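coords.cif (mmCIF, C-alpha atoms and all ligand atoms)
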```
data_my_file
loop_
_atom_site.group_PDB
_atom_site.id
_atom_site.type_symbol
_atom_site.label_atom_id
_atom_site.label_comp_id
_atom_site.auth_asym_id
_atom_site.auth_seq_id
_atom_site.Cartn_x
_atom_site.Cartn_y
_atom_site.Cartn_z
ATOM 1 C CA MET R 1 136.308 76.862 160.420
ATOM 2 C CA LEU R 2 135.080 80.280 161.420
ATOM 3 C CA PRO R 3 132.063 81.965 159.824
ATOM 4 C CA ALA R 4 132.757 84.147 156.775
ATOM 5 C CA ILE R 5 131.734 87.312 158.640
ATOM 6 C CA PHE R 6 134.386 86.729 161.336
ATOM 7 C CA SER R 7 137.104 89.387 161.669
ATOM 8 C CA ILE R 8 139.945 89.820 164.171
ATOM 9 C CA THR R 9 139.175 93.543 164.380
ATOM 10 C CA GLY R 10 135.593 92.730 165.417
ATOM 11 C CA VAL R 11 136.714 90.263 168.123
ATOM 12 C CA HIS R 12 139.300 92.769 169.376
ATOM 13 C CA ARG R 13 136.638 95.476 169.613
ATOM 14 C CA GLN R 14 134.232 93.195 171.495
ATOM 15 C CA PHE R 15 136.977 92.043 173.863
ATOM 16 C CA CYS R 16 138.032 95.632 174.637
ATOM 17 C CA GLU R 17 134.456 96.774 175.245
ATOM 18 C CA LYS R 18 133.701 93.875 177.613
ATOM 19 C CA TYR R 19 137.027 94.248 179.419
ATOM 20 C CA LYS R 20 136.613 98.002 179.883
ATOM 21 C CA GLU R 21 133.059 97.517 181.108
ATOM 22 C CA HIS R 22 134.121 94.810 183.539
ATOM 23 C CA LYS R 23 137.167 96.661 184.905
ATOM 24 C CA ASN R 24 135.639 100.112 184.594
ATOM 25 C CA LEU R 25 138.443 101.335 182.352
ATOM 26 C CA THR R 26 138.444 103.978 179.631
ATOM 27 C CA GLU R 27 141.459 102.835 177.581
ATOM 28 C CA ASP R 28 141.804 99.688 175.485
ATOM 29 C CA PRO R 29 143.694 96.983 177.436
ATOM 30 C CA ILE R 30 145.504 95.706 174.330
ATOM 31 C CA SER R 31 146.282 97.249 170.948
ATOM 32 C CA LEU R 32 144.910 95.677 167.786
ATOM 33 C CA SER R 33 148.398 94.701 166.541
ATOM 34 C CA CYS R 34 149.278 92.933 169.840
ATOM 35 C CA PHE R 35 145.888 91.232 169.824
ATOM 36 C CA ARG R 36 146.508 90.064 166.265
ATOM 37 C CA GLN R 37 149.946 88.663 167.196
ATOM 38 C CA PHE R 38 148.473 86.855 170.209
ATOM 39 C CA TYR R 39 145.641 85.466 168.075
ATOM 40 C CA TYR R 40 147.955 84.040 165.384
ATOM 41 C CA SER R 41 150.337 82.526 167.950
ATOM 42 C CA LYS R 42 147.550 80.814 169.899
ATOM 43 C CA PHE R 43 145.203 79.750 167.099
ATOM 44 C CA PRO R 44 147.314 79.097 164.003
ATOM 45 C CA TYR R 45 144.915 76.436 162.675
ATOM 46 C CA LEU R 46 141.746 78.498 162.741
ATOM 47 C CA LYS R 47 140.583 79.481 159.281
ATOM 48 C CA LYS R 48 137.818 81.673 158.006
ATOM 49 C CA LEU R 49 135.184 80.037 155.842
ATOM 50 C CA GLY R 50 135.671 81.499 152.364
ATOM 51 C CA LYS R 51 133.218 81.698 149.518
ATOM 52 C CA ARG R 52 132.561 78.136 148.366
ATOM 53 C CA THR R 53 131.730 77.590 144.760
ATOM 54 C CA ASP R 54 132.041 73.788 144.617
ATOM 55 C CA PHE R 55 128.766 73.341 146.447
ATOM 56 C CA CYS R 56 126.097 71.490 144.576
ATOM 57 C CA ASP R 57 122.339 72.027 144.433
ATOM 58 C CA VAL R 58 121.571 68.431 145.482
ATOM 59 C CA CYS R 59 123.767 68.643 148.625
ATOM 60 C CA CYS R 60 122.293 72.018 149.495
ATOM 61 C CA LYS R 61 118.667 70.920 149.045
ATOM 62 C CA LEU R 62 119.081 67.693 151.021
ATOM 63 C CA LYS R 63 120.962 69.394 153.870
ATOM 64 C CA THR R 64 118.237 72.046 154.116
ATOM 65 C CA THR R 65 115.535 69.335 154.334
ATOM 66 C CA ILE R 66 117.458 67.552 157.098
ATOM 67 C CA LYS R 67 117.931 70.774 159.099
ATOM 68 C CA ASP R 68 114.421 72.143 158.492
ATOM 69 C CA LYS R 69 112.313 71.891 161.633
ATOM 70 C CA LYS R 70 109.127 71.916 159.567
ATOM 71 C CA SER R 71 109.978 68.858 157.423
ATOM 72 C CA SER R 72 108.501 65.530 158.521
ATOM 73 C CA GLU R 73 110.573 62.704 160.006
ATOM 74 C CA GLU R 74 109.875 60.604 156.917
ATOM 75 C CA ASN R 75 111.227 63.321 154.604
ATOM 76 C CA LYS R 76 114.265 63.798 156.819
ATOM 77 C CA THR R 77 115.077 60.060 156.787
ATOM 78 C CA GLN R 78 114.640 59.951 153.010
ATOM 79 C CA ALA R 79 116.891 63.014 152.603
ATOM 80 C CA LYS R 80 119.567 61.450 154.836
ATOM 81 C CA ILE R 81 119.588 58.261 152.702
ATOM 82 C CA SER R 82 119.771 60.296 149.468
ATOM 83 C CA LEU R 83 122.570 62.494 150.838
ATOM 84 C CA GLU R 84 124.542 59.430 151.899
ATOM 85 C CA LYS R 85 124.205 57.899 148.413
ATOM 86 C CA HIS R 86 125.143 61.201 146.756
ATOM 87 C CA THR R 87 128.160 61.664 149.076
ATOM 88 C CA ILE R 88 129.421 58.153 148.280
ATOM 89 C CA LEU R 89 129.049 58.884 144.556
ATOM 90 C CA PHE R 90 131.066 62.096 144.501
ATOM 91 C CA THR R 91 133.632 60.860 147.043
ATOM 92 C CA GLU R 92 134.336 57.812 144.887
ATOM 93 C CA ALA R 93 134.535 59.959 141.754
ATOM 94 C CA ARG R 94 136.968 62.329 143.510
ATOM 95 C CA LYS R 95 139.062 59.359 144.717
ATOM 96 C CA ALA R 96 139.264 57.906 141.194
ATOM 97 C CA TYR R 97 140.370 61.320 139.911
ATOM 98 C CA SER R 98 143.049 61.670 142.625
ATOM 99 C CA ASP R 99 144.313 58.118 141.960
ATOM 100 C CA HIS R 100 144.648 58.856 138.241
ATOM 101 C CA ARG R 101 146.477 62.107 138.960
ATOM 102 C CA ARG R 102 148.943 60.326 141.222
ATOM 103 C CA LYS R 103 149.741 57.664 138.649
ATOM 104 C CA THR R 104 153.197 58.057 137.199
ATOM 105 C CA ALA R 105 151.274 57.719 134.027
ATOM 106 C CA GLN R 106 153.625 58.872 131.341
ATOM 107 C CA GLU R 107 156.186 56.258 132.308
ATOM 108 C CA ASN R 108 153.668 53.572 131.453
ATOM 109 C CA GLY R 109 152.548 55.272 128.271
ATOM 110 C CA TYR R 110 149.449 56.560 130.052
ATOM 111 C CA TYR R 111 148.457 60.201 129.720
ATOM 112 C CA VAL R 112 145.894 61.790 132.037
ATOM 113 C CA LEU R 113 144.271 64.943 130.659
ATOM 114 C CA SER R 114 141.492 67.180 131.934
ATOM 115 C CA MET R 115 139.794 69.884 129.899
ATOM 116 C CA ASP R 116 137.291 72.681 130.307
ATOM 117 C CA TYR R 117 136.198 76.097 129.092
ATOM 118 C CA ALA R 118 136.968 79.075 131.353
ATOM 119 C CA GLU R 119 134.828 82.135 131.839
ATOM 120 C CA ASN R 120 135.711 84.413 128.933
ATOM 121 C CA ILE R 121 138.023 87.395 129.275
ATOM 122 C CA LEU R 122 136.694 90.866 128.474
ATOM 123 C CA LEU R 123 139.049 93.227 126.632
ATOM 124 C CA SER R 124 140.205 95.802 127.140
ATOM 125 C CA ASN R 125 140.907 95.242 130.815
ATOM 126 C CA LEU R 126 142.128 98.451 132.445
ATOM 127 C CA LEU R 127 142.986 98.974 136.100
ATOM 128 C CA ASP R 128 141.497 102.460 136.046
ATOM 129 C CA GLU R 129 138.290 101.780 134.222
ATOM 130 C CA PRO R 130 136.362 104.771 132.883
ATOM 131 C CA GLY R 131 132.727 104.781 134.035
ATOM 132 C CA THR R 132 131.451 104.650 130.447
ATOM 133 C CA PHE R 133 132.962 101.135 130.092
ATOM 134 C CA TYR R 134 129.969 99.874 132.016
ATOM 135 C CA PHE R 135 127.726 100.709 129.071
ATOM 136 C CA LYS R 136 130.027 99.381 126.347
ATOM 137 C CA THR R 137 130.176 95.843 125.078
ATOM 138 C CA ARG R 138 133.724 94.658 125.333
ATOM 139 C CA ARG R 139 135.551 92.143 123.200
ATOM 140 C CA LYS R 140 135.064 88.581 124.474
ATOM 141 C CA VAL R 141 138.014 86.216 124.352
ATOM 142 C CA ASP R 142 137.388 82.502 124.954
ATOM 143 C CA ILE R 143 139.798 80.313 126.919
ATOM 144 C CA PHE R 144 139.772 76.538 126.731
ATOM 145 C CA GLY R 145 142.318 74.692 128.874
ATOM 146 C CA ILE R 146 143.735 71.200 128.489
ATOM 147 C CA ASN R 147 145.700 70.127 131.531
ATOM 148 C CA ASN R 148 148.274 67.358 131.593
ATOM 149 C CA GLU R 149 147.604 65.977 135.069
ATOM 150 C CA ASN R 150 151.001 64.267 135.268
ATOM 151 C CA THR R 151 153.045 67.423 134.785
ATOM 152 C CA ASN R 152 150.276 69.845 135.856
ATOM 153 C CA GLU R 153 151.060 71.922 132.778
ATOM 154 C CA GLN R 154 148.084 73.486 131.099
ATOM 155 C CA LEU R 155 147.786 74.575 127.502
ATOM 156 C CA ASN R 156 145.213 77.364 127.198
ATOM 157 C CA PHE R 157 143.633 77.862 123.790
ATOM 158 C CA ILE R 158 142.941 81.567 123.295
ATOM 159 C CA ILE R 159 140.240 82.440 120.802
ATOM 160 C CA ASP R 160 139.587 86.060 119.962
ATOM 161 C CA GLU R 161 135.932 86.998 119.412
ATOM 162 C CA CYS R 162 136.280 87.277 115.642
ATOM 163 C CA PHE R 163 137.629 83.712 115.311
ATOM 164 C CA LYS R 164 135.410 81.840 117.704
ATOM 165 C CA ILE R 165 132.849 79.214 116.768
ATOM 166 C CA LYS R 166 129.946 78.053 118.912
ATOM 167 C CA LYS R 167 131.023 76.227 122.063
ATOM 168 C CA GLY R 168 130.130 72.618 121.320
ATOM 169 C CA PRO R 169 131.465 69.293 120.069
ATOM 170 C CA ASP R 170 133.171 70.847 116.998
ATOM 171 C CA SER R 171 135.148 73.386 119.034
ATOM 172 C CA VAL R 172 136.061 70.967 121.845
ATOM 173 C CA ILE R 173 137.102 68.129 119.514
ATOM 174 C CA SER R 174 139.105 70.479 117.248
ATOM 175 C CA MET R 175 141.212 71.720 120.181
ATOM 176 C CA LEU R 176 141.509 68.275 121.775
ATOM 177 C CA ASP R 177 142.581 66.836 118.423
ATOM 178 C CA HIS R 178 145.267 69.517 118.083
ATOM 179 C CA TYR R 179 146.556 68.689 121.579
ATOM 180 C CA ILE R 180 146.564 64.922 121.062
ATOM 181 C CA GLU R 181 148.260 65.182 117.652
ATOM 182 C CA THR R 182 150.932 67.549 119.021
ATOM 183 C CA TYR R 183 151.683 66.229 122.496
ATOM 184 C CA ILE R 184 150.545 62.622 122.792
ATOM 185 C CA PRO R 185 152.796 60.017 121.132
ATOM 186 C CA THR R 186 151.169 57.384 118.924
ATOM 187 C CA GLY R 187 150.396 54.165 120.769
ATOM 188 C CA SER R 188 149.791 55.819 124.153
ATOM 189 C CA SER R 189 146.785 55.284 126.372
ATOM 190 C CA LEU R 190 144.642 58.191 127.445
ATOM 191 C CA ILE R 191 142.511 58.960 130.486
ATOM 192 C CA LEU R 192 140.393 62.033 129.835
ATOM 193 C CA TYR R 193 138.405 64.071 132.349
ATOM 194 C CA ALA R 194 135.746 66.549 131.307
ATOM 195 C CA ASP R 195 132.955 68.335 133.096
ATOM 196 C CA ASN R 196 129.407 67.109 132.910
ATOM 197 C CA CYS R 197 128.207 69.344 130.095
ATOM 198 C CA CYS R 198 126.092 67.538 127.492
ATOM 199 C CA GLY R 199 126.495 70.248 124.838
ATOM 200 C CA GLN R 200 130.274 70.204 124.870
ATOM 201 C CA ASN R 201 131.510 66.910 126.305
ATOM 202 C CA LYS R 202 128.886 64.339 127.186
ATOM 203 C CA ASN R 203 127.776 63.580 123.665
ATOM 204 C CA GLN R 204 128.082 60.980 120.935
ATOM 205 C CA PHE R 205 130.529 63.111 118.938
ATOM 206 C CA LEU R 206 133.287 63.220 121.557
ATOM 207 C CA ILE R 207 132.820 59.535 122.328
ATOM 208 C CA GLY R 208 132.798 58.794 118.575
ATOM 209 C CA TYR R 209 135.978 60.845 118.048
ATOM 210 C CA LEU R 210 137.836 59.010 120.832
ATOM 211 C CA SER R 211 136.732 55.649 119.426
ATOM 212 C CA TYR R 212 137.948 56.789 116.000
ATOM 213 C CA LEU R 213 141.405 57.512 117.462
ATOM 214 C CA VAL R 214 141.592 53.965 118.809
ATOM 215 C CA LYS R 215 139.753 51.903 116.190
ATOM 216 C CA ILE R 216 140.430 53.622 112.875
ATOM 217 C CA LYS R 217 143.349 56.011 113.207
ATOM 218 C CA LYS R 218 145.202 53.751 115.664
ATOM 219 C CA LYS R 219 146.647 56.854 117.294
ATOM 220 C CA LEU R 220 145.790 55.660 120.790
ATOM 221 C CA LYS R 221 145.847 52.197 122.286
ATOM 222 C CA HIS R 222 143.170 52.726 124.885
ATOM 223 C CA VAL R 223 140.942 55.601 126.042
ATOM 224 C CA GLU R 224 138.941 56.123 129.225
ATOM 225 C CA LEU R 225 136.571 59.081 129.420
ATOM 226 C CA TYR R 226 135.324 60.340 132.783
ATOM 227 C CA PHE R 227 132.845 63.066 133.633
ATOM 228 C CA MET R 228 132.934 64.994 136.881
ATOM 229 C CA ILE R 229 129.810 64.649 139.046
ATOM 230 C CA VAL R 230 127.354 67.523 138.548
ATOM 231 C CA GLY R 231 127.873 70.141 141.260
ATOM 232 C CA HIS R 232 131.301 68.724 142.192
ATOM 233 C CA THR R 233 133.213 69.661 139.096
ATOM 234 C CA LYS R 234 136.192 71.553 140.509
ATOM 235 C CA PHE R 235 139.312 70.103 138.883
ATOM 236 C CA SER R 236 142.788 71.105 137.676
ATOM 237 C CA PRO R 237 141.766 73.381 134.755
ATOM 238 C CA ASP R 238 139.826 75.564 137.231
ATOM 239 C CA SER R 239 142.865 76.169 139.448
ATOM 240 C CA HIS R 240 144.866 77.288 136.393
ATOM 241 C CA PHE R 241 142.018 79.555 135.272
ATOM 242 C CA GLY R 242 141.967 80.990 138.810
ATOM 243 C CA LEU R 243 145.638 82.011 138.471
ATOM 244 C CA ILE R 244 144.904 83.698 135.128
ATOM 245 C CA LYS R 245 142.000 85.577 136.703
ATOM 246 C CA GLN R 246 144.200 86.734 139.600
ATOM 247 C CA ARG R 247 146.848 87.963 137.161
ATOM 248 C CA LEU R 248 144.214 89.741 135.109
ATOM 249 C CA LYS R 249 143.046 91.657 138.186
ATOM 250 C CA ILE R 250 146.428 93.351 138.511
ATOM 251 C CA SER R 251 147.255 93.745 134.806
ATOM 252 C CA VAL R 252 146.408 96.115 132.032
ATOM 253 C CA CYS R 253 145.306 94.278 128.875
ATOM 254 C CA GLU R 254 144.443 96.499 125.980
ATOM 255 C CA SER R 255 144.279 93.792 123.360
ATOM 256 C CA ILE R 256 144.924 90.106 122.811
ATOM 257 C CA LEU R 257 148.632 90.930 122.429
ATOM 258 C CA ASP R 258 148.762 91.488 126.200
ATOM 259 C CA VAL R 259 147.187 88.081 126.805
ATOM 260 C CA ILE R 260 149.338 85.786 124.634
ATOM 261 C CA GLY R 261 153.084 85.448 124.097
ATOM 262 C CA GLU R 262 155.946 85.067 126.574
ATOM 263 C CA ASN R 263 155.118 88.377 128.285
ATOM 264 C CA GLY R 264 151.354 87.944 128.176
ATOM 265 C CA ILE R 265 149.223 87.448 131.274
ATOM 266 C CA ILE R 266 148.734 83.714 130.652
ATOM 267 C CA ARG R 267 152.480 82.957 130.826
ATOM 268 C CA LYS R 268 152.948 85.385 133.692
ATOM 269 C CA SER R 269 150.080 83.887 135.714
ATOM 270 C CA SER R 270 151.995 80.680 136.502
ATOM 271 C CA LYS R 271 154.995 78.724 135.287
ATOM 272 C CA ASN R 272 152.579 75.900 134.401
ATOM 273 C CA ASN R 273 150.247 77.991 132.251
ATOM 274 C CA PHE R 274 150.954 78.036 128.511
ATOM 275 C CA CYS R 275 148.900 79.369 125.659
ATOM 276 C CA ILE R 276 148.203 79.030 121.992
ATOM 277 C CA ALA R 277 146.216 81.649 120.124
ATOM 278 C CA TYR R 278 143.897 80.629 117.302
ATOM 279 C CA LYS R 279 145.671 83.073 115.011
ATOM 280 C CA ASP R 280 149.089 84.603 115.568
ATOM 281 C CA PRO R 281 148.518 88.395 115.416
ATOM 282 C CA PHE R 282 152.049 89.041 114.096
ATOM 283 C CA LEU R 283 152.654 86.191 111.685
ATOM 284 C CA GLU R 284 148.961 85.884 110.800
ATOM 285 C CA THR R 285 149.328 82.095 110.845
ATOM 286 C CA VAL R 286 146.480 79.934 112.070
ATOM 287 C CA ASN R 287 147.746 77.643 114.847
ATOM 288 C CA PHE R 288 144.882 75.153 114.940
ATOM 289 C CA ASN R 289 141.851 74.532 112.776
ATOM 290 C CA TRP R 290 138.146 74.377 113.409
ATOM 291 C CA ARG R 291 136.726 71.266 111.848
ATOM 292 C CA ASP R 292 133.204 70.094 111.273
ATOM 293 C CA TRP R 293 133.545 66.931 113.345
ATOM 294 C CA LYS R 294 129.796 66.452 113.649
ATOM 295 C CA ASN R 295 129.481 65.789 109.917
ATOM 296 C CA SER R 296 132.894 64.218 109.434
ATOM 297 C CA GLN R 297 133.018 61.432 106.880
ATOM 298 C CA GLU R 298 136.161 60.032 108.464
ATOM 299 C CA TYR R 299 134.215 58.159 111.035
ATOM 300 C CA VAL R 300 130.699 56.854 111.220
ATOM 301 C CA ILE R 301 129.607 57.343 114.781
ATOM 302 C CA ASP R 302 127.012 54.556 114.889
ATOM 303 C CA THR R 303 129.512 51.821 114.042
ATOM 304 C CA LEU R 304 132.109 53.251 116.387
ATOM 305 C CA LEU R 305 129.721 53.480 119.296
ATOM 306 C CA GLU R 306 128.952 49.787 118.905
ATOM 307 C CA SER R 307 132.565 48.995 119.641
ATOM 308 C CA ILE R 308 132.660 50.722 123.031
ATOM 309 C CA GLN R 309 133.357 48.094 125.643
ATOM 310 C CA LYS R 310 132.069 49.538 128.864
ATOM 311 C CA VAL R 311 128.903 51.506 129.343
ATOM 312 C CA GLN R 312 128.874 53.942 132.196
ATOM 313 C CA ILE R 313 125.650 55.009 133.875
ATOM 314 C CA PHE R 314 125.697 58.797 134.125
HETATM 315 ZN ZN ZN Y 1 126.534 67.422 145.962
#
```
Starting from the file, give its structure as structure tokens.
Ligand SMILES: [Zn+2]
Amino acid sequence: MLPAIFSITGVHRQFCEKYKEHKNLTEDPISLSCFRQFYYSKFPYLKKLGKRTDFCDVCCKLKTTIKDKKSSEENKTQAKISLEKHTILFTEARKAYSDHRRKTAQENGYYVLSMDYAENILLSNLLDEPGTFYFKTRRKVDIFGINNENTNEQLNFIIDECFKIKKGPDSVISMLDHYIETYIPTGSSLILYADNCCGQNKNQFLIGYLSYLVKIKKKLKHVELYFMIVGHTKFSPDSHFGLIKQRLKISVCESILDVIGENGIIRKSSKNNFCIAYKDPFLETVNFNWRDWKNSQEYVIDTLLESIQKVQIF
């Protein structure tokens, strides 16, 4: 891995300067294009270090302590032990996730899903943006993705600003419930991955809802719920959101009509990205409902939580 500031042009310039100085020449010994060709033929495996976002605070803090010349030997040893423990934790979590993804799950009636909220989209999105846009508040559109890890197909729920509710258990469970009712056959088993956000996922309501599907509604036979380790939460929904973001960079979106539908940016971003809008702008039909799951009378969370077999230490 080469440092992020590395550039072939810079190396070419340095090489030419040194060479000219050494040989007392005035002209460059090699053109930039020839140098580039030579570089790629000789060092095809060298890569530039890109911007890394899956880099957690704990790793960063511990690595700094270990490298810091001012920190005491005792602190360094302690940091090394902590880093080792932390590395084992996220490596094992990543391995479990990869193993689940590899499972030919659907054949055995097992479905592996992962879900997350994306950064919201701001509309309108124009390629030639007038300067005054900077001072205007644009329309925020929420995206929530549920990925089927076995097919790698992602359904993106698109919620226009006027239809959104607070991001929390009610919104997450409403969309998950729509997905499960539509795409998961009764009697299947489910493995669900979510990020480590207490407000949206790591709460009694989601756990209660999943227990309700198994114990009361008998929709599912078995459910396992996993949370990604804090700071190491990159998973499939993020890669699909990345493709949407890339598509958005090169597209003009004046309204939600340019986002949804067969010709919208979601469908055009990847063959595996699908979308469902909260309300169809043409037919005016509501495609999925917000429900007050937190106060639902259908299930009593306390009794359901008692029936959970395995307790995971977060
Ligand atoms: Zn870490």
*Do you know which residues lie at most 12 Å from (150.0, 71.2, 132.5), with coordinates as in the file and only C-alpha atoms counted, and could you write them as a ChimeraX atom specification?*
/R:101,111-115,145-156,179,183,236-237,239-241,270-275
Proximity of chain R to ligand ZN 1 (chain Y): per-residue shortest pair, 6 Å limit, all atoms listed in the file, as a tab-separated table:
```
residue	atom	partner	partner_atom	distance
R:Cys56	CA	Y:ZN1	ZN	4.3
R:Val58	CA	Y:ZN1	ZN	5.1
R:Cys59	CA	Y:ZN1	ZN	4.0
R:Gly231	CA	Y:ZN1	ZN	5.6
```
*Anything within 12 Å of (146.8, 69.2, 117.8): list those residues as a ChimeraX atom specification, counting all atoms listed in the file and sticking to the file's coordinates.*
/R:146,155,157,172-185,276,278,287-291
_Length of the CA of Ser71 (chain R) to CA of Val230 (chain R) vector [Å]_ =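 CA of Ser71 (chain R) sits 25.7 Å away from CA of Val230 (chain R).
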*Quick one: residues within 9 Å of Leu220 (chain R), only C-alpha atoms counted, chain neighbours fewer than 3 positions away excluded, as a list in words?*
Ile184, Pro185, Thr186, Gly187, Ser188, Ser189, Leu190, Leu210, Leu213, Val214, Lys215, Lys217 and Val223 of chain R
Write the residues of the preceding selection, restricted to C-alpha atoms, as a compact mmCIF listing (two decimals), in the frame of the given file.
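Everything below was put into selection_36.txt:
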```txt
# COMPACT_ATOMS: atom_id res chain seq x y z
CA ILE R 184 150.54 62.62 122.79
CA PRO R 185 152.80 60.02 121.13
CA THR R 186 151.17 57.38 118.92
CA GLY R 187 150.40 54.16 120.77
CA SER R 188 149.79 55.82 124.15
CA SER R 189 146.78 55.28 126.37
CA LEU R 190 144.64 58.19 127.44
CA LEU R 210 137.84 59.01 120.83
CA LEU R 213 141.40 57.51 117.46
CA VAL R 214 141.59 53.96 118.81
CA LYS R 215 139.75 51.90 116.19
CA LYS R 217 143.35 56.01 113.21
CA VAL R 223 140.94 55.60 126.04
```
_Can you measure CA of Asn120 (chain R) to CA of Val141 (chain R) for me? One decimal in Å is fine._
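CA of Val141 (chain R) lies at a distance of 5.4 Å from CA of Asn120 (chain R).
Restricting the calculation to all atoms listed in the file, the smallest distance between Gln200 (chain R) and any of R:Tyr117, R:Thr132, R:Glu73, R:Thr233 is found for R:Tyr117.
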*Work out how far CA of Glu21 (chain R) is from CA of Ser33 (chain R), in Å to one decimal.*
21.3 Å
*Decode the PyMOL selection byres (((chain R and resi 80) around 12) and not hetatm) for the given file into explicit residues and return them as a PyMOL selection string.*
chain R and resi 58-59+61-67+73-79+81-87
*R:Asp170, R:Phe90, R:Glu27, R:Arg247: which is nearest Gly264 (chain R), counting all atoms listed in the file?*
R:Arg247
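Of the listed residues (R:Ile191, R:Trp293, R:Phe6, R:Tyr226), R:Ile191 comes nearest to Gly109 (chain R); the distances count all atoms listed in the file.
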*asked:* Under the rule that only C-alpha atoms are counted, which of R:Leu257, R:Ile265, R:Cys162, R:Ala118 is the nearest residue to Gly242 (chain R)?
replied: R:Ala118
*Could you tell me which residues the PyMOL selection byres (((chain R and resi 281) around 12) and not hetatm) returns for this structure, as a ChimeraX atom specification?*
/R:158-160,163,255-261,276-280,282-287
Missing atoms of region 37-50 of chain R rebuilt to N, CA and C atoms, written as a compact mmCIF listing (two decimals), in the coordinates of the input:
```
# COMPACT_ATOMS: atom_id res chain seq x y z
N GLN R 37 148.78 89.53 166.97
CA GLN R 37 149.95 88.66 167.20
C GLN R 37 149.58 87.51 168.12
N PHE R 38 148.89 87.85 169.22
CA PHE R 38 148.47 86.86 170.21
C PHE R 38 147.55 85.82 169.54
N TYR R 39 146.61 86.34 168.74
CA TYR R 39 145.64 85.47 168.08
C TYR R 39 146.35 84.45 167.17
N TYR R 40 147.28 84.94 166.33
CA TYR R 40 147.96 84.04 165.38
C TYR R 40 148.88 83.05 166.08
N SER R 41 149.45 83.46 167.25
CA SER R 41 150.34 82.53 167.95
C SER R 41 149.54 81.44 168.67
N LYS R 42 148.34 81.79 169.14
CA LYS R 42 147.55 80.81 169.90
C LYS R 42 146.65 79.94 169.03
N PHE R 43 146.15 80.50 167.94
CA PHE R 43 145.20 79.75 167.10
C PHE R 43 145.66 79.70 165.64
N PRO R 44 146.81 79.08 165.39
CA PRO R 44 147.31 79.10 164.00
C PRO R 44 146.46 78.26 163.04
N TYR R 45 145.67 77.33 163.58
CA TYR R 45 144.92 76.44 162.68
C TYR R 45 143.51 76.94 162.35
N LEU R 46 143.10 78.00 163.01
CA LEU R 46 141.75 78.50 162.74
C LEU R 46 141.70 79.20 161.38
N LYS R 47 140.70 78.86 160.61
CA LYS R 47 140.58 79.48 159.28
C LYS R 47 139.18 80.02 159.09
N LYS R 48 139.11 81.07 158.30
CA LYS R 48 137.82 81.67 158.01
C LYS R 48 137.18 80.93 156.84
N LEU R 49 135.90 80.70 156.92
CA LEU R 49 135.18 80.04 155.84
C LEU R 49 135.08 80.99 154.66
N GLY R 50 135.71 80.62 153.53
CA GLY R 50 135.67 81.50 152.36
C GLY R 50 134.44 81.24 151.53
```
